[in-house]
>>> print(open('structure-v4.pdb').read())   # PDB, C-alpha atoms
ATOM      1  CA  ASP A 360     -57.810  62.972 293.175  1.00  0.00           C
ATOM      2  CA  SER A 361     -56.076  64.126 289.976  1.00  0.00           C
ATOM      3  CA  GLY A 362     -59.168  65.823 288.567  1.00  0.00           C
ATOM      4  CA  VAL A 363     -59.139  63.563 285.497  1.00  0.00           C
ATOM      5  CA  THR A 364     -62.182  61.318 285.256  1.00  0.00           C
ATOM      6  CA  GLN A 365     -62.303  58.116 283.269  1.00  0.00           C
ATOM      7  CA  THR A 366     -65.375  55.988 282.726  1.00  0.00           C
ATOM      8  CA  PRO A 367     -66.116  53.206 282.989  1.00  0.00           C
ATOM      9  CA  LYS A 368     -63.649  51.848 285.547  1.00  0.00           C
ATOM     10  CA  HIS A 369     -64.088  48.281 284.378  1.00  0.00           C
ATOM     11  CA  LEU A 370     -65.317  46.831 281.115  1.00  0.00           C
ATOM     12  CA  ILE A 371     -65.708  43.210 280.106  1.00  0.00           C
ATOM     13  CA  THR A 372     -66.595  42.453 276.526  1.00  0.00           C
ATOM     14  CA  ALA A 373     -66.287  39.730 273.921  1.00  0.00           C
ATOM     15  CA  THR A 374     -63.894  39.456 271.021  1.00  0.00           C
ATOM     16  CA  GLY A 375     -65.054  41.262 267.916  1.00  0.00           C
ATOM     17  CA  GLN A 376     -67.022  43.851 269.854  1.00  0.00           C
ATOM     18  CA  ARG A 377     -66.601  47.628 269.970  1.00  0.00           C
ATOM     19  CA  VAL A 378     -66.260  49.766 273.096  1.00  0.00           C
ATOM     20  CA  THR A 379     -65.884  53.446 273.909  1.00  0.00           C
ATOM     21  CA  LEU A 380     -63.777  54.758 276.762  1.00  0.00           C
ATOM     22  CA  ARG A 381     -64.385  58.247 278.027  1.00  0.00           C
ATOM     23  CA  CYS A 382     -62.068  60.807 279.605  1.00  0.00           C
ATOM     24  CA  SER A 383     -62.854  64.181 281.141  1.00  0.00           C
ATOM     25  CA  PRO A 384     -59.674  66.227 281.600  1.00  0.00           C
ATOM     26  CA  ARG A 385     -58.863  68.481 284.502  1.00  0.00           C
ATOM     27  CA  SER A 386     -60.590  71.829 284.361  1.00  0.00           C
ATOM     28  CA  GLY A 387     -58.512  74.189 282.231  1.00  0.00           C
ATOM     29  CA  ASP A 388     -56.398  71.481 280.594  1.00  0.00           C
ATOM     30  CA  LEU A 389     -56.469  71.501 276.807  1.00  0.00           C
ATOM     31  CA  SER A 390     -54.376  68.415 276.065  1.00  0.00           C
ATOM     32  CA  VAL A 391     -55.545  64.841 276.444  1.00  0.00           C
ATOM     33  CA  TYR A 392     -53.268  61.841 276.057  1.00  0.00           C
ATOM     34  CA  TRP A 393     -54.266  58.181 275.809  1.00  0.00           C
ATOM     35  CA  TYR A 394     -52.034  55.336 276.950  1.00  0.00           C
ATOM     36  CA  GLN A 395     -52.353  51.555 276.978  1.00  0.00           C
ATOM     37  CA  GLN A 396     -50.747  49.489 279.736  1.00  0.00           C
ATOM     38  CA  SER A 397     -50.854  45.731 279.349  1.00  0.00           C
ATOM     39  CA  LEU A 398     -50.140  43.395 282.252  1.00  0.00           C
ATOM     40  CA  ASP A 399     -46.626  44.066 283.572  1.00  0.00           C
ATOM     41  CA  GLN A 400     -45.902  46.303 280.601  1.00  0.00           C
ATOM     42  CA  GLY A 401     -45.009  49.943 280.384  1.00  0.00           C
ATOM     43  CA  LEU A 402     -47.245  52.748 279.283  1.00  0.00           C
ATOM     44  CA  GLN A 403     -47.618  52.771 275.515  1.00  0.00           C
ATOM     45  CA  PHE A 404     -48.510  56.148 274.052  1.00  0.00           C
ATOM     46  CA  LEU A 405     -51.488  55.966 271.718  1.00  0.00           C
ATOM     47  CA  ILE A 406     -52.567  59.467 270.763  1.00  0.00           C
ATOM     48  CA  GLN A 407     -52.717  63.099 271.891  1.00  0.00           C
ATOM     49  CA  TYR A 408     -55.339  65.757 271.281  1.00  0.00           C
ATOM     50  CA  TYR A 409     -54.925  69.442 271.918  1.00  0.00           C
ATOM     51  CA  ASN A 410     -57.930  71.750 271.954  1.00  0.00           C
ATOM     52  CA  GLY A 411     -59.934  69.446 269.721  1.00  0.00           C
ATOM     53  CA  GLU A 412     -57.232  68.647 267.192  1.00  0.00           C
ATOM     54  CA  GLU A 413     -55.082  65.548 266.903  1.00  0.00           C
ATOM     55  CA  ARG A 414     -51.552  66.582 267.772  1.00  0.00           C
ATOM     56  CA  ALA A 415     -49.445  63.451 268.005  1.00  0.00           C
ATOM     57  CA  LYS A 416     -49.930  59.809 267.233  1.00  0.00           C
ATOM     58  CA  GLY A 417     -48.088  56.876 268.723  1.00  0.00           C
ATOM     59  CA  ASN A 418     -48.577  53.155 268.477  1.00  0.00           C
ATOM     60  CA  ILE A 419     -52.288  53.275 267.887  1.00  0.00           C
ATOM     61  CA  LEU A 420     -53.822  50.439 265.903  1.00  0.00           C
ATOM     62  CA  GLU A 421     -56.067  51.168 262.944  1.00  0.00           C
ATOM     63  CA  ARG A 422     -58.886  49.446 264.849  1.00  0.00           C
ATOM     64  CA  PHE A 423     -58.614  52.203 267.471  1.00  0.00           C
ATOM     65  CA  SER A 424     -59.706  55.782 267.028  1.00  0.00           C
ATOM     66  CA  ALA A 425     -60.151  58.778 269.257  1.00  0.00           C
ATOM     67  CA  GLN A 426     -61.544  62.260 269.257  1.00  0.00           C
ATOM     68  CA  GLN A 427     -61.738  65.304 271.492  1.00  0.00           C
ATOM     69  CA  PHE A 428     -65.003  67.178 271.670  1.00  0.00           C
ATOM     70  CA  PRO A 429     -65.636  70.950 271.989  1.00  0.00           C
ATOM     71  CA  ASP A 430     -66.106  70.568 275.742  1.00  0.00           C
ATOM     72  CA  LEU A 431     -62.610  68.975 275.734  1.00  0.00           C
ATOM     73  CA  HIS A 432     -63.656  65.542 276.894  1.00  0.00           C
ATOM     74  CA  SER A 433     -62.207  62.737 274.821  1.00  0.00           C
ATOM     75  CA  GLU A 434     -63.319  59.301 273.744  1.00  0.00           C
ATOM     76  CA  LEU A 435     -61.221  56.340 272.686  1.00  0.00           C
ATOM     77  CA  ASN A 436     -63.018  53.866 270.457  1.00  0.00           C
ATOM     78  CA  LEU A 437     -61.742  50.308 270.241  1.00  0.00           C
ATOM     79  CA  SER A 438     -63.277  48.045 267.615  1.00  0.00           C
ATOM     80  CA  SER A 439     -62.953  44.434 266.435  1.00  0.00           C
ATOM     81  CA  LEU A 440     -61.570  43.682 269.865  1.00  0.00           C
ATOM     82  CA  GLU A 441     -59.029  40.925 270.323  1.00  0.00           C
ATOM     83  CA  LEU A 442     -57.880  39.125 273.455  1.00  0.00           C
ATOM     84  CA  GLY A 443     -54.608  41.046 273.269  1.00  0.00           C
ATOM     85  CA  ASP A 444     -56.423  44.344 273.677  1.00  0.00           C
ATOM     86  CA  SER A 445     -57.075  43.483 277.312  1.00  0.00           C
ATOM     87  CA  ALA A 446     -55.235  46.169 279.264  1.00  0.00           C
ATOM     88  CA  LEU A 447     -55.509  49.236 281.441  1.00  0.00           C
ATOM     89  CA  TYR A 448     -56.232  52.322 279.384  1.00  0.00           C
ATOM     90  CA  PHE A 449     -55.191  55.616 280.913  1.00  0.00           C
ATOM     91  CA  CYS A 450     -55.874  59.111 279.874  1.00  0.00           C
ATOM     92  CA  ALA A 451     -53.850  62.078 281.049  1.00  0.00           C
ATOM     93  CA  SER A 452     -54.309  65.787 280.674  1.00  0.00           C
ATOM     94  CA  SER A 453     -52.063  68.818 280.753  1.00  0.00           C
ATOM     95  CA  VAL A 454     -52.475  72.533 280.294  1.00  0.00           C
ATOM     96  CA  GLY A 455     -50.542  73.048 277.096  1.00  0.00           C
ATOM     97  CA  ALA A 456     -49.688  71.243 273.902  1.00  0.00           C
ATOM     98  CA  VAL A 457     -46.174  70.508 275.067  1.00  0.00           C
ATOM     99  CA  ILE A 458     -45.395  68.656 278.265  1.00  0.00           C
ATOM    100  CA  ASP A 459     -43.525  71.415 280.032  1.00  0.00           C
ATOM    101  CA  THR A 460     -45.574  70.967 283.146  1.00  0.00           C
ATOM    102  CA  GLU A 461     -46.900  67.926 284.900  1.00  0.00           C
ATOM    103  CA  ALA A 462     -49.496  65.645 283.378  1.00  0.00           C
ATOM    104  CA  PHE A 463     -52.402  64.393 285.445  1.00  0.00           C
ATOM    105  CA  PHE A 464     -53.591  60.848 285.001  1.00  0.00           C
ATOM    106  CA  GLY A 465     -56.981  59.329 285.522  1.00  0.00           C
ATOM    107  CA  GLN A 466     -57.473  56.083 287.376  1.00  0.00           C
ATOM    108  CA  GLY A 467     -57.810  54.139 284.164  1.00  0.00           C
ATOM    109  CA  THR A 468     -60.321  51.847 282.513  1.00  0.00           C
ATOM    110  CA  ARG A 469     -59.575  48.157 282.876  1.00  0.00           C
ATOM    111  CA  LEU A 470     -60.685  46.425 279.693  1.00  0.00           C
ATOM    112  CA  THR A 471     -61.028  42.666 279.654  1.00  0.00           C
ATOM    113  CA  VAL A 472     -61.742  40.974 276.336  1.00  0.00           C
ATOM    114  CA  VAL A 473     -63.025  37.417 276.663  1.00  0.00           C
TER     115      VAL A 473
ATOM    116  CA  SER B 749     -34.479  53.399 266.898  1.00  0.00           C
ATOM    117  CA  GLN B 750     -35.651  55.487 269.817  1.00  0.00           C
ATOM    118  CA  LYS B 751     -35.438  53.855 273.222  1.00  0.00           C
ATOM    119  CA  ILE B 752     -36.054  54.739 276.843  1.00  0.00           C
ATOM    120  CA  GLU B 753     -34.477  52.261 279.233  1.00  0.00           C
ATOM    121  CA  GLN B 754     -34.773  52.128 282.989  1.00  0.00           C
ATOM    122  CA  ASN B 755     -31.898  50.319 284.596  1.00  0.00           C
ATOM    123  CA  SER B 756     -33.668  47.387 286.095  1.00  0.00           C
ATOM    124  CA  GLU B 757     -37.098  45.952 286.450  1.00  0.00           C
ATOM    125  CA  ALA B 758     -36.819  45.696 290.222  1.00  0.00           C
ATOM    126  CA  LEU B 759     -34.755  47.220 292.994  1.00  0.00           C
ATOM    127  CA  ASN B 760     -34.824  46.070 296.627  1.00  0.00           C
ATOM    128  CA  ILE B 761     -33.285  48.198 299.346  1.00  0.00           C
ATOM    129  CA  GLN B 762     -33.341  48.487 303.119  1.00  0.00           C
ATOM    130  CA  GLU B 763     -35.305  51.191 304.862  1.00  0.00           C
ATOM    131  CA  GLY B 764     -33.237  54.304 305.464  1.00  0.00           C
ATOM    132  CA  LYS B 765     -30.936  53.756 302.494  1.00  0.00           C
ATOM    133  CA  THR B 766     -30.837  55.818 299.306  1.00  0.00           C
ATOM    134  CA  ALA B 767     -32.513  54.348 296.245  1.00  0.00           C
ATOM    135  CA  THR B 768     -31.005  55.319 292.898  1.00  0.00           C
ATOM    136  CA  LEU B 769     -32.915  54.653 289.708  1.00  0.00           C
ATOM    137  CA  THR B 770     -31.539  55.200 286.218  1.00  0.00           C
ATOM    138  CA  CYS B 771     -33.203  56.287 283.005  1.00  0.00           C
ATOM    139  CA  ASN B 772     -31.225  56.151 279.755  1.00  0.00           C
ATOM    140  CA  TYR B 773     -32.459  57.197 276.356  1.00  0.00           C
ATOM    141  CA  THR B 774     -31.217  56.972 272.793  1.00  0.00           C
ATOM    142  CA  ASN B 775     -32.086  58.896 269.660  1.00  0.00           C
ATOM    143  CA  TYR B 776     -34.131  61.450 271.542  1.00  0.00           C
ATOM    144  CA  SER B 777     -33.418  65.070 272.374  1.00  0.00           C
ATOM    145  CA  PRO B 778     -36.017  65.834 275.018  1.00  0.00           C
ATOM    146  CA  ALA B 779     -36.540  69.322 276.291  1.00  0.00           C
ATOM    147  CA  TYR B 780     -37.903  67.984 279.570  1.00  0.00           C
ATOM    148  CA  LEU B 781     -37.743  64.793 281.538  1.00  0.00           C
ATOM    149  CA  GLN B 782     -40.259  63.795 284.173  1.00  0.00           C
ATOM    150  CA  TRP B 783     -40.488  61.144 286.867  1.00  0.00           C
ATOM    151  CA  TYR B 784     -43.735  59.557 287.979  1.00  0.00           C
ATOM    152  CA  ARG B 785     -44.755  57.102 290.656  1.00  0.00           C
ATOM    153  CA  GLN B 786     -47.261  54.366 289.896  1.00  0.00           C
ATOM    154  CA  ASP B 787     -48.916  52.095 292.431  1.00  0.00           C
ATOM    155  CA  PRO B 788     -50.496  48.796 291.264  1.00  0.00           C
ATOM    156  CA  GLY B 789     -53.696  49.324 289.302  1.00  0.00           C
ATOM    157  CA  ARG B 790     -53.560  53.089 289.614  1.00  0.00           C
ATOM    158  CA  GLY B 791     -52.630  55.978 287.356  1.00  0.00           C
ATOM    159  CA  PRO B 792     -49.132  57.471 287.485  1.00  0.00           C
ATOM    160  CA  VAL B 793     -48.593  60.438 289.768  1.00  0.00           C
ATOM    161  CA  PHE B 794     -46.196  63.230 288.861  1.00  0.00           C
ATOM    162  CA  LEU B 795     -43.128  63.668 291.060  1.00  0.00           C
ATOM    163  CA  LEU B 796     -40.558  65.915 289.404  1.00  0.00           C
ATOM    164  CA  LEU B 797     -39.786  67.648 286.120  1.00  0.00           C
ATOM    165  CA  ILE B 798     -36.313  68.710 285.018  1.00  0.00           C
ATOM    166  CA  ARG B 799     -35.469  70.806 281.994  1.00  0.00           C
ATOM    167  CA  GLU B 800     -32.583  70.210 279.618  1.00  0.00           C
ATOM    168  CA  ASN B 801     -30.709  73.252 280.918  1.00  0.00           C
ATOM    169  CA  GLU B 802     -31.024  72.112 284.533  1.00  0.00           C
ATOM    170  CA  LYS B 803     -28.512  69.712 286.031  1.00  0.00           C
ATOM    171  CA  GLU B 804     -30.320  68.852 289.223  1.00  0.00           C
ATOM    172  CA  LYS B 805     -33.699  69.291 290.897  1.00  0.00           C
ATOM    173  CA  ARG B 806     -34.758  68.502 294.446  1.00  0.00           C
ATOM    174  CA  LYS B 807     -38.052  68.063 296.228  1.00  0.00           C
ATOM    175  CA  GLU B 808     -38.032  66.932 299.844  1.00  0.00           C
ATOM    176  CA  ARG B 809     -36.330  63.494 299.841  1.00  0.00           C
ATOM    177  CA  LEU B 810     -36.268  63.292 296.040  1.00  0.00           C
ATOM    178  CA  LYS B 811     -33.468  64.381 293.730  1.00  0.00           C
ATOM    179  CA  VAL B 812     -33.253  64.168 289.960  1.00  0.00           C
ATOM    180  CA  THR B 813     -30.256  64.780 287.721  1.00  0.00           C
ATOM    181  CA  PHE B 814     -30.300  65.196 283.951  1.00  0.00           C
ATOM    182  CA  ASP B 815     -27.186  64.728 281.820  1.00  0.00           C
ATOM    183  CA  THR B 816     -27.998  65.465 278.179  1.00  0.00           C
ATOM    184  CA  THR B 817     -24.483  64.483 277.103  1.00  0.00           C
ATOM    185  CA  LEU B 818     -24.766  61.031 278.637  1.00  0.00           C
ATOM    186  CA  LYS B 819     -28.471  60.933 277.761  1.00  0.00           C
ATOM    187  CA  GLN B 820     -29.234  59.853 281.285  1.00  0.00           C
ATOM    188  CA  SER B 821     -31.302  60.843 284.279  1.00  0.00           C
ATOM    189  CA  LEU B 822     -30.783  59.604 287.814  1.00  0.00           C
ATOM    190  CA  PHE B 823     -33.585  59.608 290.369  1.00  0.00           C
ATOM    191  CA  HIS B 824     -32.687  59.379 294.043  1.00  0.00           C
ATOM    192  CA  ILE B 825     -34.883  58.775 297.073  1.00  0.00           C
ATOM    193  CA  THR B 826     -32.980  59.446 300.285  1.00  0.00           C
ATOM    194  CA  ALA B 827     -33.908  57.995 303.688  1.00  0.00           C
ATOM    195  CA  SER B 828     -36.215  55.564 301.922  1.00  0.00           C
ATOM    196  CA  GLN B 829     -39.319  54.259 303.643  1.00  0.00           C
ATOM    197  CA  PRO B 830     -41.543  51.214 303.010  1.00  0.00           C
ATOM    198  CA  ALA B 831     -44.213  53.671 301.784  1.00  0.00           C
ATOM    199  CA  ASP B 832     -41.872  54.555 298.908  1.00  0.00           C
ATOM    200  CA  SER B 833     -42.389  51.054 297.472  1.00  0.00           C
ATOM    201  CA  ALA B 834     -43.910  51.518 294.020  1.00  0.00           C
ATOM    202  CA  THR B 835     -42.989  51.530 290.342  1.00  0.00           C
ATOM    203  CA  TYR B 836     -41.153  54.634 289.199  1.00  0.00           C
ATOM    204  CA  LEU B 837     -41.408  55.764 285.606  1.00  0.00           C
ATOM    205  CA  CYS B 838     -39.320  58.221 283.673  1.00  0.00           C
ATOM    206  CA  ALA B 839     -40.949  60.100 280.833  1.00  0.00           C
ATOM    207  CA  LEU B 840     -39.437  62.107 278.020  1.00  0.00           C
ATOM    208  CA  ALA B 841     -41.289  65.179 276.902  1.00  0.00           C
ATOM    209  CA  LEU B 842     -40.968  65.560 273.167  1.00  0.00           C
ATOM    210  CA  ASP B 843     -43.905  66.463 270.989  1.00  0.00           C
ATOM    211  CA  ASP B 844     -45.760  64.002 273.160  1.00  0.00           C
ATOM    212  CA  MET B 845     -44.740  62.094 276.277  1.00  0.00           C
ATOM    213  CA  ARG B 846     -43.081  58.669 276.134  1.00  0.00           C
ATOM    214  CA  PHE B 847     -42.477  56.479 279.163  1.00  0.00           C
ATOM    215  CA  GLY B 848     -39.860  53.972 280.153  1.00  0.00           C
ATOM    216  CA  ALA B 849     -40.986  50.551 281.327  1.00  0.00           C
ATOM    217  CA  GLY B 850     -40.427  51.519 284.952  1.00  0.00           C
ATOM    218  CA  THR B 851     -38.429  50.232 287.902  1.00  0.00           C
ATOM    219  CA  ARG B 852     -40.297  48.485 290.713  1.00  0.00           C
ATOM    220  CA  LEU B 853     -38.811  49.635 294.002  1.00  0.00           C
ATOM    221  CA  THR B 854     -39.316  47.658 297.203  1.00  0.00           C
ATOM    222  CA  VAL B 855     -38.142  49.185 300.477  1.00  0.00           C
ATOM    223  CA  LYS B 856     -37.874  46.601 303.230  1.00  0.00           C
ATOM    224  CA  PRO B 857     -38.272  47.498 306.916  1.00  0.00           C
TER     225      PRO B 857
END
>>> encode(input="structure-v4.pdb", output="structure tokens")
Amino acid sequence: DSGVTQTPKHLITATGQRVTLRCSPRSGDLSVYWYQQSLDQGLQFLIQYYNGEERAKGNILERFSAQQFPDLHSELNLSSLELGDSALYFCASSVGAVIDTEAFFGQGTRLTVV
Amino acid sequence: SQKIEQNSEALNIQEGKTATLTCNYTNYSPAYLQWYRQDPGRGPVFLLLIRENEKEKRKERLKVTFDTTLKQSLFHITASQPADSATYLCALALDDMRFGAGTRLTVKP
């Protein structure tokens, strides 16, 4: 158990809909990272938050948004969903703003868009 | 453009042999490089971190090297076991953390 909790584990929704994925980081970790992993693809970095502020942005679509709340949990919002958004979404957490120590990953949310 | 390339999609070796996986990068200057293990449908698990001023790091049967001149890291698993079968990912620590596509290792009994 990494200490990072992601909910829900599975999500099935229709095209055009909006969903919210939730991540609770490990206790004491201030950074949260979101990644997308499509079938047989690598981990694509989406966005990083550190202590409530957006710190780095990767290949995140405009239809996607995220935030980190005062209690440090984070939510990833995906809207106007398309079939191609079907993927595993992982969040990871680390202590600091820079990855100079290990990152801990959750078990992911498997999103299926039908 | 910036790239992180892991030498092959898949690597098959016999139990007891040494597995060597390669991670090459271009147009990055990472301060740290990390290796993770990922099993199907599960989140990556941290294995080793090596800093730019370190040449080599070891942990049990694992060894990582980091050559910032060649822009390459090698990841070795000695005395490999079937339980080592998984996908191994290298990650560059920059302002954020970017991953290679991974190498799927299969260790056959």
>>> interface_residues(input="structure-v4.pdb", of="chain B", to="chain A", cutoff="8 Å", atoms="all atoms listed in the file", output="ChimeraX atom specification")
/B:780,782,789-794,797,841-850
>>> write_last_selection(input="structure-v4.pdb", atoms="C-alpha atoms", output="PDB file, in the frame of the given file")
ATOM      1  CA  TYR B 780     -37.903  67.984 279.570  1.00  0.00           C
ATOM      2  CA  GLN B 782     -40.259  63.795 284.173  1.00  0.00           C
ATOM      3  CA  GLY B 789     -53.696  49.324 289.302  1.00  0.00           C
ATOM      4  CA  ARG B 790     -53.560  53.089 289.614  1.00  0.00           C
ATOM      5  CA  GLY B 791     -52.630  55.978 287.356  1.00  0.00           C
ATOM      6  CA  PRO B 792     -49.132  57.471 287.485  1.00  0.00           C
ATOM      7  CA  VAL B 793     -48.593  60.438 289.768  1.00  0.00           C
ATOM      8  CA  PHE B 794     -46.196  63.230 288.861  1.00  0.00           C
ATOM      9  CA  LEU B 797     -39.786  67.648 286.120  1.00  0.00           C
ATOM     10  CA  ALA B 841     -41.289  65.179 276.902  1.00  0.00           C
ATOM     11  CA  LEU B 842     -40.968  65.560 273.167  1.00  0.00           C
ATOM     12  CA  ASP B 843     -43.905  66.463 270.989  1.00  0.00           C
ATOM     13  CA  ASP B 844     -45.760  64.002 273.160  1.00  0.00           C
ATOM     14  CA  MET B 845     -44.740  62.094 276.277  1.00  0.00           C
ATOM     15  CA  ARG B 846     -43.081  58.669 276.134  1.00  0.00           C
ATOM     16  CA  PHE B 847     -42.477  56.479 279.163  1.00  0.00           C
ATOM     17  CA  GLY B 848     -39.860  53.972 280.153  1.00  0.00           C
ATOM     18  CA  ALA B 849     -40.986  50.551 281.327  1.00  0.00           C
ATOM     19  CA  GLY B 850     -40.427  51.519 284.952  1.00  0.00           C
TER      20      GLY B 850
END
>>> resolve_selection(input="structure-v4.pdb", expression="the PyMOL selection byres ((chain B and resi 854) around 7)", output="list in words")
Leu759, Asn760, Ile761, Ser833, Ala834, Arg852, Leu853, Val855 and Lys856 of chain B
>>> resolve_selection(input="structure-v4.pdb", expression="the PyMOL selection byres ((chain A and resi 440) around 6)", output="PyMOL selection string")
chain A and resi 374-376+438-439+441
>>> atom_distance(input="structure-v4.pdb", atom1="atom CA of A:Leu437", atom2="atom CA of A:Phe423")
4.6 Å
>>> closest_residue(input="structure-v4.pdb", among="B:Ser749, B:Thr774, B:Asn755, B:Thr768", to="B:His824", atoms="all atoms listed in the file")
B:Thr768
>>> atom_distance(input="structure-v4.pdb", atom1="atom CA of B:Arg785", atom2="atom CA of B:Ala758")
13.9 Å
>>> residues_near_point(input="structure-v4.pdb", point="(-23.9, 65.1, 286.3)", cutoff="7 Å", atoms="all atoms listed in the file", output="list in words")
Lys803, Thr813, Phe814 and Asp815 of chain B
>>> write_last_selection(input="structure-v4.pdb", atoms="C-alpha atoms", output="PDB file, in the coordinates of the input")
ATOM      1  CA  LYS B 803     -28.512  69.712 286.031  1.00  0.00           C
ATOM      2  CA  THR B 813     -30.256  64.780 287.721  1.00  0.00           C
ATOM      3  CA  PHE B 814     -30.300  65.196 283.951  1.00  0.00           C
ATOM      4  CA  ASP B 815     -27.186  64.728 281.820  1.00  0.00           C
TER       5      ASP B 815
END
>>> closest_residue(input="structure-v4.pdb", among="B:Leu837, B:Leu796, B:Ile752, B:Ile825", to="B:Thr766", atoms="only C-alpha atoms")
B:Ile825
>>> atom_distance(input="structure-v4.pdb", atom1="atom CA of B:Pro830", atom2="atom CA of B:Ile798")
25.6 Å
>>> resolve_selection(input="structure-v4.pdb", expression="the PyMOL selection byres ((chain A and resi 365-367) around 6)", output="list in words")
Thr364, Lys368, His369, Arg381, Cys382, Gly465 and Thr468 of chain A
>>> write_last_selection(input="structure-v4.pdb", atoms="C-alpha atoms", output="mmCIF file, in the coordinates of the input")
data_model
loop_
_atom_site.group_PDB
_atom_site.id
_atom_site.type_symbol
_atom_site.label_atom_id
_atom_site.label_comp_id
_atom_site.auth_asym_id
_atom_site.auth_seq_id
_atom_site.Cartn_x
_atom_site.Cartn_y
_atom_site.Cartn_z
ATOM 1 C CA THR A 364 -62.182 61.318 285.256
ATOM 2 C CA LYS A 368 -63.649 51.848 285.547
ATOM 3 C CA HIS A 369 -64.088 48.281 284.378
ATOM 4 C CA ARG A 381 -64.385 58.247 278.027
ATOM 5 C CA CYS A 382 -62.068 60.807 279.605
ATOM 6 C CA GLY A 465 -56.981 59.329 285.522
ATOM 7 C CA THR A 468 -60.321 51.847 282.513
#
